[in-house]
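Raw query_1.csv, CSV, C-alpha atoms:
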chain,number,residue,atom,x,y,z
W,233,MET,CA,-23.8,0.3,-9.2
W,234,ARG,CA,-21.0,-1.8,-10.6
W,235,ILE,CA,-17.4,-1.5,-9.5
W,236,LYS,CA,-15.3,0.4,-12.2
W,237,ILE,CA,-11.8,-0.8,-13.0
W,238,LEU,CA,-9.3,1.0,-15.3
W,239,VAL,CA,-6.7,-1.2,-17.0
W,240,ILE,CA,-3.6,0.7,-18.2
W,241,ASP,CA,-1.2,-1.2,-20.5
W,242,ASP,CA,0.3,-0.5,-23.9
W,243,GLU,CA,-0.4,-4.2,-24.9
W,244,GLU,CA,-3.9,-4.0,-26.4
W,245,SER,CA,-4.2,-7.8,-26.4
W,246,LEU,CA,-3.5,-8.1,-22.7
W,247,CYS,CA,-5.9,-5.3,-22.0
W,248,GLU,CA,-8.6,-7.2,-23.8
W,249,ILE,CA,-7.9,-10.4,-21.9
W,250,LEU,CA,-8.1,-8.6,-18.6
W,251,LYS,CA,-11.2,-6.7,-19.7
W,252,PHE,CA,-13.0,-9.8,-20.8
W,253,ASN,CA,-12.3,-11.8,-17.7
W,254,LEU,CA,-13.0,-8.9,-15.3
W,255,GLU,CA,-16.3,-8.2,-16.9
W,256,LYS,CA,-17.2,-11.9,-16.5
W,257,GLU,CA,-16.7,-11.3,-12.8
W,258,GLY,CA,-19.3,-8.4,-12.9
W,259,TYR,CA,-16.9,-5.4,-13.0
W,260,GLU,CA,-17.2,-2.5,-15.3
W,261,VAL,CA,-13.9,-2.2,-17.1
W,262,ASP,CA,-12.2,0.5,-19.2
W,263,CYS,CA,-8.8,0.3,-20.9
W,264,ALA,CA,-6.2,3.0,-21.5
W,265,TYR,CA,-3.2,2.2,-23.7
W,266,SER,CA,-0.8,4.7,-22.0
W,267,ALA,CA,-0.5,6.5,-18.7
W,268,GLU,CA,-1.1,9.8,-20.6
W,269,GLU,CA,-4.4,8.5,-22.0
W,270,ALA,CA,-5.4,7.4,-18.5
W,271,LEU,CA,-4.7,10.8,-17.0
W,272,GLU,CA,-7.2,12.4,-19.4
W,273,THR,CA,-10.1,10.3,-17.9
W,274,ASP,CA,-12.1,10.9,-14.8
W,275,LEU,CA,-9.8,8.9,-12.5
W,276,SER,CA,-11.8,9.6,-9.4
W,277,SER,CA,-14.7,7.5,-10.9
W,278,TYR,CA,-12.7,4.3,-10.6
W,279,SER,CA,-12.4,1.8,-7.7
W,280,LEU,CA,-9.2,0.2,-8.9
W,281,PHE,CA,-6.3,0.8,-11.3
W,282,MET,CA,-4.4,-2.1,-12.8
W,283,VAL,CA,-1.2,-0.6,-14.2
W,284,ASP,CA,1.7,-1.8,-16.4
W,285,ILE,CA,5.1,-0.3,-15.4
W,286,MET,CA,7.1,-0.2,-18.6
W,287,MET,CA,5.2,2.1,-21.0
W,288,ASP,CA,6.6,4.4,-23.7
W,289,GLN,CA,6.7,7.8,-22.0
W,290,LEU,CA,5.1,8.0,-18.6
W,291,SER,CA,5.8,4.9,-16.6
W,292,GLY,CA,3.4,3.1,-14.3
W,293,PHE,CA,5.5,4.2,-11.4
W,294,ASP,CA,5.1,7.8,-12.5
W,295,PHE,CA,1.3,7.3,-12.9
W,296,ALA,CA,1.0,5.9,-9.4
W,297,LYS,CA,3.0,8.8,-7.9
W,298,ARG,CA,0.6,11.3,-9.6
W,299,ILE,CA,-2.5,9.7,-8.3
W,300,ARG,CA,-1.1,9.3,-4.8
W,301,ASN,CA,-0.4,13.1,-4.8
W,302,ASN,CA,-3.9,13.9,-5.9
W,303,GLN,CA,-6.5,14.2,-3.0
W,304,LYS,CA,-9.3,12.9,-5.3
W,305,THR,CA,-7.4,9.7,-6.1
W,306,GLU,CA,-4.9,9.1,-3.3
W,307,ASN,CA,-6.9,6.3,-1.7
W,308,ILE,CA,-7.9,4.4,-4.9
W,309,PRO,CA,-6.0,1.1,-4.9
W,310,VAL,CA,-3.4,0.2,-7.5
W,311,ILE,CA,-2.2,-3.2,-8.7
W,312,PHE,CA,0.9,-3.3,-10.8
W,313,CYS,CA,0.9,-5.9,-13.6
W,314,SER,CA,4.5,-6.0,-14.9
W,315,ALA,CA,7.1,-8.2,-16.6
W,316,LEU,CA,9.6,-6.7,-14.2
W,317,THR,CA,10.3,-9.6,-11.7
W,318,ASP,CA,13.3,-8.1,-9.8
W,319,GLU,CA,12.7,-7.8,-6.1
W,320,ASP,CA,13.8,-4.2,-6.1
W,321,ASP,CA,11.1,-3.3,-8.6
W,322,LYS,CA,8.5,-5.0,-6.4
W,323,VAL,CA,9.7,-3.1,-3.4
W,324,MET,CA,9.7,0.2,-5.2
W,325,GLY,CA,6.1,-0.4,-6.4
W,326,LEU,CA,4.9,-1.2,-2.9
W,327,ASN,CA,6.8,1.8,-1.4
W,328,ILE,CA,5.1,4.1,-3.9
W,329,GLY,CA,1.8,2.9,-2.5
W,330,ALA,CA,0.7,0.1,-4.7
W,331,ASP,CA,-1.6,-2.4,-3.0
W,332,ASP,CA,-0.3,-5.5,-4.9
W,333,TYR,CA,2.1,-6.5,-7.6
W,334,VAL,CA,1.5,-9.2,-10.2
W,335,THR,CA,4.3,-10.4,-12.5
W,336,LYS,CA,3.8,-11.3,-16.1
W,337,PRO,CA,3.0,-13.8,-17.5
W,338,PHE,CA,0.3,-14.3,-15.0
W,339,VAL,CA,-2.5,-16.9,-14.4
W,340,ILE,CA,-5.8,-15.1,-14.8
W,341,GLY,CA,-7.4,-16.9,-11.9
W,342,GLU,CA,-4.7,-15.5,-9.6
W,343,VAL,CA,-5.2,-12.0,-10.9
W,344,LEU,CA,-8.9,-12.2,-10.3
W,345,ALA,CA,-8.3,-13.4,-6.8
W,346,ARG,CA,-5.9,-10.6,-6.1
W,347,VAL,CA,-8.4,-8.0,-7.5
W,348,ARG,CA,-11.1,-9.4,-5.1
W,349,ALA,CA,-8.7,-9.3,-2.2
W,350,VAL,CA,-7.7,-5.7,-2.8
W,351,LEU,CA,-11.2,-4.5,-3.3
W,352,ARG,CA,-12.3,-6.4,-0.2
W,353,ARG,CA,-9.6,-4.7,1.9
W,354,THR,CA,-10.5,-1.3,0.5
W,355,LYS,CA,-14.2,-1.8,1.3
W,356,SER,CA,-13.2,-2.8,4.8
W,357,ALA,CA,-11.0,0.2,5.3
W,358,GLN,CA,-13.7,2.5,4.0
W,359,GLN,CA,-16.2,1.0,6.4
W,360,MET,CA,-13.7,1.4,9.3
W,361,ALA,CA,-13.1,5.1,8.3
W,362,PHE,CA,-16.9,5.7,8.2
W,363,ASN,CA,-17.3,4.1,11.6
W,364,VAL,CA,-14.5,6.2,13.0
W,365,SER,CA,-16.1,9.3,11.6
W,366,GLN,CA,-19.4,8.4,13.2
W,367,SER,CA,-17.8,7.6,16.6
W,368,ILE,CA,-15.6,9.4,19.1
W,369,TYR,CA,-12.3,11.0,18.3
W,370,GLU,CA,-9.4,8.6,18.3
W,371,PRO,CA,-6.7,9.7,20.8
W,372,ASP,CA,-3.1,10.2,19.6
W,373,ILE,CA,-0.5,7.5,20.3
W,374,THR,CA,2.6,9.0,21.9
W,375,PHE,CA,6.0,7.9,23.0
W,376,ARG,CA,8.2,10.7,24.5
W,377,GLU,CA,8.7,13.1,21.6
W,378,LEU,CA,7.1,10.8,19.0
W,379,ARG,CA,3.3,11.3,18.3
W,380,VAL,CA,1.0,9.5,15.9
W,381,ASP,CA,-2.2,11.3,15.0
W,382,ARG,CA,-4.6,8.4,14.0
W,383,ASN,CA,-7.2,10.7,12.7
W,384,GLU,CA,-5.1,12.8,10.4
W,385,LYS,CA,-2.7,9.9,9.6
W,386,ILE,CA,0.4,12.0,10.4
W,387,CYS,CA,3.4,11.1,12.5
W,388,TYR,CA,5.2,13.9,14.4
W,389,LEU,CA,8.8,13.9,15.7
W,390,LYS,CA,9.5,16.7,18.2
W,391,GLY,CA,6.4,18.6,16.9
W,392,GLU,CA,7.5,18.3,13.2
W,393,ALA,CA,5.5,16.2,10.7
W,394,ILE,CA,7.5,13.3,9.2
W,395,GLN,CA,6.8,12.3,5.6
W,396,LEU,CA,5.9,8.7,5.8
W,397,THR,CA,4.5,6.3,3.1
W,398,ARG,CA,1.3,4.6,3.9
W,399,THR,CA,3.2,1.4,4.8
W,400,GLU,CA,5.6,3.2,7.0
W,401,PHE,CA,2.8,4.9,8.9
W,402,ASP,CA,1.0,1.6,9.4
W,403,LEU,CA,4.3,0.1,10.7
W,404,ILE,CA,4.9,2.8,13.3
W,405,LEU,CA,1.3,2.7,14.4
W,406,PHE,CA,1.6,-1.0,14.8
W,407,PHE,CA,4.8,-0.8,16.8
W,408,LEU,CA,3.6,1.9,19.1
W,409,THR,CA,0.4,0.0,19.9
W,410,HIS,CA,2.3,-3.3,20.3
W,411,ARG,CA,5.3,-2.3,22.4
W,412,ASN,CA,7.9,-4.5,24.2
W,413,ARG,CA,7.3,-7.7,22.3
W,414,ILE,CA,9.1,-9.2,19.4
W,415,TYR,CA,6.9,-10.1,16.4
W,416,SER,CA,7.8,-12.4,13.6
W,417,ARG,CA,7.7,-11.2,10.1
W,418,GLU,CA,4.7,-13.3,9.4
W,419,GLU,CA,2.8,-11.6,12.3
W,420,ILE,CA,3.8,-8.2,11.0
W,421,ILE,CA,2.6,-9.0,7.5
W,422,SER,CA,-0.7,-10.2,8.9
W,423,LYS,CA,-1.2,-7.1,11.0
W,424,VAL,CA,0.1,-4.4,8.6
W,425,TRP,CA,-0.3,-5.7,5.1
W,426,GLY,CA,-3.1,-8.2,5.6
W,427,GLU,CA,-3.2,-11.9,5.1
W,428,ASP,CA,-4.3,-11.6,1.4
W,429,VAL,CA,-1.2,-9.7,0.3
W,430,VAL,CA,2.0,-11.5,-0.8
W,431,VAL,CA,4.9,-9.7,0.9
W,432,THR,CA,8.5,-10.9,1.1
W,433,HIS,CA,10.7,-10.7,4.1
W,434,ARG,CA,12.9,-8.3,2.2
W,435,THR,CA,10.0,-5.9,1.7
W,436,ILE,CA,9.5,-5.8,5.4
W,437,ASP,CA,13.2,-5.3,6.1
W,438,THR,CA,13.4,-2.5,3.5
W,439,ASN,CA,10.4,-0.6,4.9
W,440,ILE,CA,11.6,-0.9,8.5
W,441,THR,CA,15.1,0.3,7.5
W,442,ARG,CA,13.5,3.4,5.8
W,443,LEU,CA,11.2,4.0,8.9
W,444,ARG,CA,14.2,3.8,11.3
W,445,LYS,CA,16.0,6.5,9.3
W,446,LYS,CA,13.0,8.8,9.4
W,447,LEU,CA,12.5,8.4,13.1
W,448,GLY,CA,15.9,9.7,14.0
W,449,ASP,CA,17.1,8.5,17.5
W,450,TYR,CA,13.7,6.8,18.0
W,451,GLY,CA,14.6,4.4,15.1
W,452,ASN,CA,16.8,2.6,17.7
W,453,ASN,CA,13.7,1.7,19.6
W,454,ILE,CA,12.7,-0.6,16.7
W,455,VAL,CA,14.9,-3.6,17.5
W,456,THR,CA,15.8,-6.7,15.5
W,457,ARG,CA,16.0,-10.1,17.1
W,458,GLN,CA,17.9,-12.3,14.6
W,459,GLY,CA,15.8,-15.4,13.8
W,460,PHE,CA,12.7,-14.0,15.4
W,461,GLY,CA,11.7,-10.7,14.0
W,462,TYR,CA,11.2,-7.0,15.1
W,463,GLY,CA,9.7,-5.1,18.0
W,464,PHE,CA,9.4,-1.7,19.6
W,465,LYS,CA,11.2,-1.5,22.9
W,466,GLU,CA,10.6,1.4,25.2
W,467,ALA,CA,14.1,0.9,26.6
W,468,TYR,CA,16.9,-0.4,24.4
Would you mind writing the file out in structure tokens?
Amino acid sequence: MRIKILVIDDEESLCEILKFNLEKEGYEVDCAYSAEEALETDLSSYSLFMVDIMMDQLSGFDFAKRIRNNQKTENIPVIFCSALTDEDDKVMGLNIGADDYVTKPFVIGEVLARVRAVLRRTKSAQQMAFNVSQSIYEPDITFRELRVDRNEKICYLKGEAIQLTRTEFDLILFFLTHRNRIYSREEIISKVWGEDVVVTHRTIDTNITRLRKKLGDYGNNIVTRQGFGYGFKEAY
């Protein structure tokens, strides 16, 4: 069964270029020329969404938020393909839950490489989830009144669930399982985002700033060492 990809962009010519080249790679590709049209399809049947941001009514950001809030589609990867090159737009896209962000005009070879990388990571994550489901229960990670449930993917502060993005959850899990050592931004990218994803230092800084605020007093345990990186210190 071939992998299905949905391309969502109001530029029909660009959709056709992506469709042609993706199909040459062996993928099954459908196109939707608006987010509204895409929402009328069986979204759960796709393995990847490639989404423009600036569309007439419903934006790509809005589309991504909707699928992330739907249990049937929340884990399907998203790649934004947009003419918006501002760093804040990229950070917003990644914070919404996008798996990658490609700026227009793009080189088709790079796009195909990013598609392969995202699908490879997704397959690996699914296999890991399957292995966990077939193995023993993963114990929670705790630090004082902070608890991370690795099975339910929820972080609790003083018994109350905290609303974290996927990236924020991965960050706190990384820090709690790698305490009392400073890690460079490059090491954090490798461990949290993966080596195939292009992530700027500003993206890391933004996500850590958001995470600190959500952790309350425990945000102070995530320390910065100027010129080196970040770490989670049990005593600060």
Contacts of Ser279 in chain W at 9 Å or less, counting only C-alpha atoms, minus same-chain residues fewer than 4 places along, as a PyMOL selection string?
-> chain W and resi 235-238+275+308-309+351+354
How about saving the chosen residues, C-alpha atoms kept, as a PDB file, keeping the file's coordinate frame?
ATOM      1  CA  ILE W 235     -17.400  -1.500  -9.500  1.00  0.00           C
ATOM      2  CA  LYS W 236     -15.300   0.400 -12.200  1.00  0.00           C
ATOM      3  CA  ILE W 237     -11.800  -0.800 -13.000  1.00  0.00           C
ATOM      4  CA  LEU W 238      -9.300   1.000 -15.300  1.00  0.00           C
ATOM      5  CA  LEU W 275      -9.800   8.900 -12.500  1.00  0.00           C
ATOM      6  CA  ILE W 308      -7.900   4.400  -4.900  1.00  0.00           C
ATOM      7  CA  PRO W 309      -6.000   1.100  -4.900  1.00  0.00           C
ATOM      8  CA  LEU W 351     -11.200  -4.500  -3.300  1.00  0.00           C
ATOM      9  CA  THR W 354     -10.500  -1.300   0.500  1.00  0.00           C
TER      10      THR W 354
END
Enter the distance from CA of Glu255 in chain W to CA of Arg234 in chain W, in Å, rounded to one decimal.
->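 Computed distance, CA of Glu255 in chain W to CA of Arg234 in chain W, equals 10.1 Å.
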Point-to-point distance in Å for CA of Phe293 in chain W and CA of Phe401 in chain W | 20.5 Å
What gap, in Å, lies between CA of Leu344 in chain W and CA of Lys256 in chain W?
-> 10.4 Å
Check the smallest atom-to-atom distance from each of W:Asp274, W:Glu342, W:Glu268, W:Asp294 to Ala330 in chain W using all atoms listed in the file, then report the winner.
-> W:Asp294
List the neighbours of range 380-382 of chain W out to 10 Å using all atoms listed in the file; skip same-chain residues closer than 3 positions along the sequence, and give me the result as a ChimeraX atom specification.
-> /W:369-375,385-389,393,401-402,404-405,408
Name the residues within 10 Å of (2.9, 7.7, -12.4), counting all atoms listed in the file in the file's coordinates, and put them as a PyMOL selection string.
-> chain W and resi 267-268+271+283+285+290-301+328
Would you mind listing, for every residue of range 334-452 of chain W within 12 Å of range 241-251 of chain W, the two atoms forming the shortest contact and the distance between them in Å to one decimal, using all atoms listed in the file, sorted by chain and ascending residue number, as CSV?
residue,atom,partner,partner_atom,distance
W:Lys336,CA,W:Leu246,CA,10.3
W:Pro337,CA,W:Leu246,CA,10.1
W:Phe338,CA,W:Leu246,CA,10.6
W:Val339,CA,W:Leu250,CA,10.9
W:Ile340,CA,W:Leu250,CA,7.9
W:Gly341,CA,W:Leu250,CA,10.7
W:Glu342,CA,W:Leu250,CA,11.8
W:Val343,CA,W:Leu250,CA,8.9
W:Leu344,CA,W:Leu250,CA,9.1
W:Val347,CA,W:Leu250,CA,11.1
Identify which of the residues W:Gly463, W:Gly258, W:Gly329, W:Gly391 lies closest to Phe406 in chain W, counting only C-alpha atoms when measuring atom-to-atom distances.
->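 Smallest separation from Phe406 in chain W among the options: W:Gly463.
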Any chance you could model all heavy atoms for range 375-386 of chain W and send them as a PDB file, in the frame of the given file?
ATOM      1  N   PHE W 375       4.886   8.457  22.286  1.00  0.00           N
ATOM      2  CA  PHE W 375       6.000   7.900  23.000  1.00  0.00           C
ATOM      3  C   PHE W 375       7.093   8.963  23.057  1.00  0.00           C
ATOM      4  O   PHE W 375       7.706   9.312  22.052  1.00  0.00           O
ATOM      5  CB  PHE W 375       6.560   6.645  22.263  1.00  0.00           C
ATOM      6  CG  PHE W 375       7.806   6.080  22.905  1.00  0.00           C
ATOM      7  CD1 PHE W 375       7.742   5.417  24.124  1.00  0.00           C
ATOM      8  CD2 PHE W 375       9.044   6.235  22.295  1.00  0.00           C
ATOM      9  CE1 PHE W 375       8.894   4.909  24.714  1.00  0.00           C
ATOM     10  CE2 PHE W 375      10.198   5.728  22.873  1.00  0.00           C
ATOM     11  CZ  PHE W 375      10.120   5.069  24.092  1.00  0.00           C
ATOM     12  N   ARG W 376       7.234   9.548  24.258  1.00  0.00           N
ATOM     13  CA  ARG W 376       8.200  10.700  24.500  1.00  0.00           C
ATOM     14  C   ARG W 376       7.903  11.766  23.437  1.00  0.00           C
ATOM     15  O   ARG W 376       6.819  12.347  23.451  1.00  0.00           O
ATOM     16  CB  ARG W 376       9.607  10.134  24.405  1.00  0.00           C
ATOM     17  CG  ARG W 376       9.913   9.115  25.522  1.00  0.00           C
ATOM     18  CD  ARG W 376      11.299   8.526  25.399  1.00  0.00           C
ATOM     19  NE  ARG W 376      11.492   7.475  26.395  1.00  0.00           N
ATOM     20  CZ  ARG W 376      12.489   6.603  26.379  1.00  0.00           C
ATOM     21  NH1 ARG W 376      13.423   6.671  25.421  1.00  0.00           N
ATOM     22  NH2 ARG W 376      12.586   5.677  27.310  1.00  0.00           N
ATOM     23  N   GLU W 377       8.838  12.057  22.535  1.00  0.00           N
ATOM     24  CA  GLU W 377       8.700  13.100  21.600  1.00  0.00           C
ATOM     25  C   GLU W 377       8.131  12.641  20.218  1.00  0.00           C
ATOM     26  O   GLU W 377       8.165  13.361  19.220  1.00  0.00           O
ATOM     27  CB  GLU W 377       9.965  13.897  21.362  1.00  0.00           C
ATOM     28  CG  GLU W 377      10.455  14.609  22.615  1.00  0.00           C
ATOM     29  CD  GLU W 377      11.799  15.259  22.415  1.00  0.00           C
ATOM     30  OE1 GLU W 377      12.787  14.528  22.201  1.00  0.00           O
ATOM     31  OE2 GLU W 377      11.853  16.500  22.445  1.00  0.00           O
ATOM     32  N   LEU W 378       7.621  11.418  20.214  1.00  0.00           N
ATOM     33  CA  LEU W 378       7.100  10.800  19.000  1.00  0.00           C
ATOM     34  C   LEU W 378       5.541  10.738  19.188  1.00  0.00           C
ATOM     35  O   LEU W 378       5.046  10.252  20.206  1.00  0.00           O
ATOM     36  CB  LEU W 378       7.636   9.418  18.822  1.00  0.00           C
ATOM     37  CG  LEU W 378       7.467   8.713  17.477  1.00  0.00           C
ATOM     38  CD1 LEU W 378       8.116   9.515  16.357  1.00  0.00           C
ATOM     39  CD2 LEU W 378       8.077   7.323  17.555  1.00  0.00           C
ATOM     40  N   ARG W 379       4.790  11.248  18.200  1.00  0.00           N
ATOM     41  CA  ARG W 379       3.300  11.300  18.300  1.00  0.00           C
ATOM     42  C   ARG W 379       2.703  10.858  16.969  1.00  0.00           C
ATOM     43  O   ARG W 379       3.087  11.349  15.923  1.00  0.00           O
ATOM     44  CB  ARG W 379       2.826  12.651  18.700  1.00  0.00           C
ATOM     45  CG  ARG W 379       1.295  12.779  18.754  1.00  0.00           C
ATOM     46  CD  ARG W 379       0.878  14.095  19.389  1.00  0.00           C
ATOM     47  NE  ARG W 379       1.278  15.255  18.608  1.00  0.00           N
ATOM     48  CZ  ARG W 379       0.519  15.783  17.624  1.00  0.00           C
ATOM     49  NH1 ARG W 379      -0.655  15.239  17.325  1.00  0.00           N
ATOM     50  NH2 ARG W 379       0.943  16.840  16.960  1.00  0.00           N
ATOM     51  N   VAL W 380       1.732   9.958  17.047  1.00  0.00           N
ATOM     52  CA  VAL W 380       1.000   9.500  15.900  1.00  0.00           C
ATOM     53  C   VAL W 380      -0.439   9.982  15.981  1.00  0.00           C
ATOM     54  O   VAL W 380      -1.147   9.614  16.920  1.00  0.00           O
ATOM     55  CB  VAL W 380       1.052   7.982  15.701  1.00  0.00           C
ATOM     56  CG1 VAL W 380       0.143   7.536  14.546  1.00  0.00           C
ATOM     57  CG2 VAL W 380       2.478   7.522  15.447  1.00  0.00           C
ATOM     58  N   ASP W 381      -0.844  10.805  15.020  1.00  0.00           N
ATOM     59  CA  ASP W 381      -2.200  11.300  15.000  1.00  0.00           C
ATOM     60  C   ASP W 381      -3.006  10.295  14.097  1.00  0.00           C
ATOM     61  O   ASP W 381      -2.860  10.252  12.883  1.00  0.00           O
ATOM     62  CB  ASP W 381      -2.267  12.685  14.331  1.00  0.00           C
ATOM     63  CG  ASP W 381      -3.660  13.308  14.369  1.00  0.00           C
ATOM     64  OD1 ASP W 381      -4.639  12.554  14.239  1.00  0.00           O
ATOM     65  OD2 ASP W 381      -3.760  14.539  14.526  1.00  0.00           O
ATOM     66  N   ARG W 382      -3.837   9.475  14.747  1.00  0.00           N
ATOM     67  CA  ARG W 382      -4.600   8.400  14.000  1.00  0.00           C
ATOM     68  C   ARG W 382      -5.704   8.961  13.180  1.00  0.00           C
ATOM     69  O   ARG W 382      -6.179   8.272  12.283  1.00  0.00           O
ATOM     70  CB  ARG W 382      -5.099   7.382  15.023  1.00  0.00           C
ATOM     71  CG  ARG W 382      -3.992   6.567  15.690  1.00  0.00           C
ATOM     72  CD  ARG W 382      -4.563   5.421  16.477  1.00  0.00           C
ATOM     73  NE  ARG W 382      -5.252   5.878  17.682  1.00  0.00           N
ATOM     74  CZ  ARG W 382      -5.837   5.055  18.555  1.00  0.00           C
ATOM     75  NH1 ARG W 382      -5.834   3.752  18.333  1.00  0.00           N
ATOM     76  NH2 ARG W 382      -6.415   5.524  19.637  1.00  0.00           N
ATOM     77  N   ASN W 383      -6.147  10.169  13.477  1.00  0.00           N
ATOM     78  CA  ASN W 383      -7.200  10.700  12.700  1.00  0.00           C
ATOM     79  C   ASN W 383      -6.751  11.409  11.432  1.00  0.00           C
ATOM     80  O   ASN W 383      -7.332  11.241  10.362  1.00  0.00           O
ATOM     81  CB  ASN W 383      -8.015  11.746  13.582  1.00  0.00           C
ATOM     82  CG  ASN W 383      -8.578  11.085  14.828  1.00  0.00           C
ATOM     83  OD1 ASN W 383      -9.569  10.398  14.781  1.00  0.00           O
ATOM     84  ND2 ASN W 383      -7.916  11.283  15.970  1.00  0.00           N
ATOM     85  N   GLU W 384      -5.657  12.163  11.538  1.00  0.00           N
ATOM     86  CA  GLU W 384      -5.100  12.800  10.400  1.00  0.00           C
ATOM     87  C   GLU W 384      -4.070  11.992   9.634  1.00  0.00           C
ATOM     88  O   GLU W 384      -3.586  12.369   8.568  1.00  0.00           O
ATOM     89  CB  GLU W 384      -4.417  14.158  10.819  1.00  0.00           C
ATOM     90  CG  GLU W 384      -5.370  15.194  11.386  1.00  0.00           C
ATOM     91  CD  GLU W 384      -6.355  15.715  10.357  1.00  0.00           C
ATOM     92  OE1 GLU W 384      -6.002  15.726   9.157  1.00  0.00           O
ATOM     93  OE2 GLU W 384      -7.479  16.072  10.745  1.00  0.00           O
ATOM     94  N   LYS W 385      -3.718  10.823  10.221  1.00  0.00           N
ATOM     95  CA  LYS W 385      -2.700   9.900   9.600  1.00  0.00           C
ATOM     96  C   LYS W 385      -1.391  10.588   9.414  1.00  0.00           C
ATOM     97  O   LYS W 385      -0.776  10.516   8.338  1.00  0.00           O
ATOM     98  CB  LYS W 385      -3.255   9.376   8.264  1.00  0.00           C
ATOM     99  CG  LYS W 385      -4.658   8.803   8.301  1.00  0.00           C
ATOM    100  CD  LYS W 385      -4.815   7.675   9.295  1.00  0.00           C
ATOM    101  CE  LYS W 385      -6.224   7.104   9.264  1.00  0.00           C
ATOM    102  NZ  LYS W 385      -6.488   6.164  10.373  1.00  0.00           N
ATOM    103  N   ILE W 386      -0.925  11.255  10.470  1.00  0.00           N
ATOM    104  CA  ILE W 386       0.400  12.000  10.400  1.00  0.00           C
ATOM    105  C   ILE W 386       1.183  11.552  11.638  1.00  0.00           C
ATOM    106  O   ILE W 386       0.645  11.426  12.744  1.00  0.00           O
ATOM    107  CB  ILE W 386       0.176  13.488  10.410  1.00  0.00           C
ATOM    108  CG1 ILE W 386      -0.626  13.925   9.188  1.00  0.00           C
ATOM    109  CG2 ILE W 386       1.531  14.202  10.425  1.00  0.00           C
ATOM    110  CD1 ILE W 386      -0.971  15.397   9.172  1.00  0.00           C
TER     111      ILE W 386
END
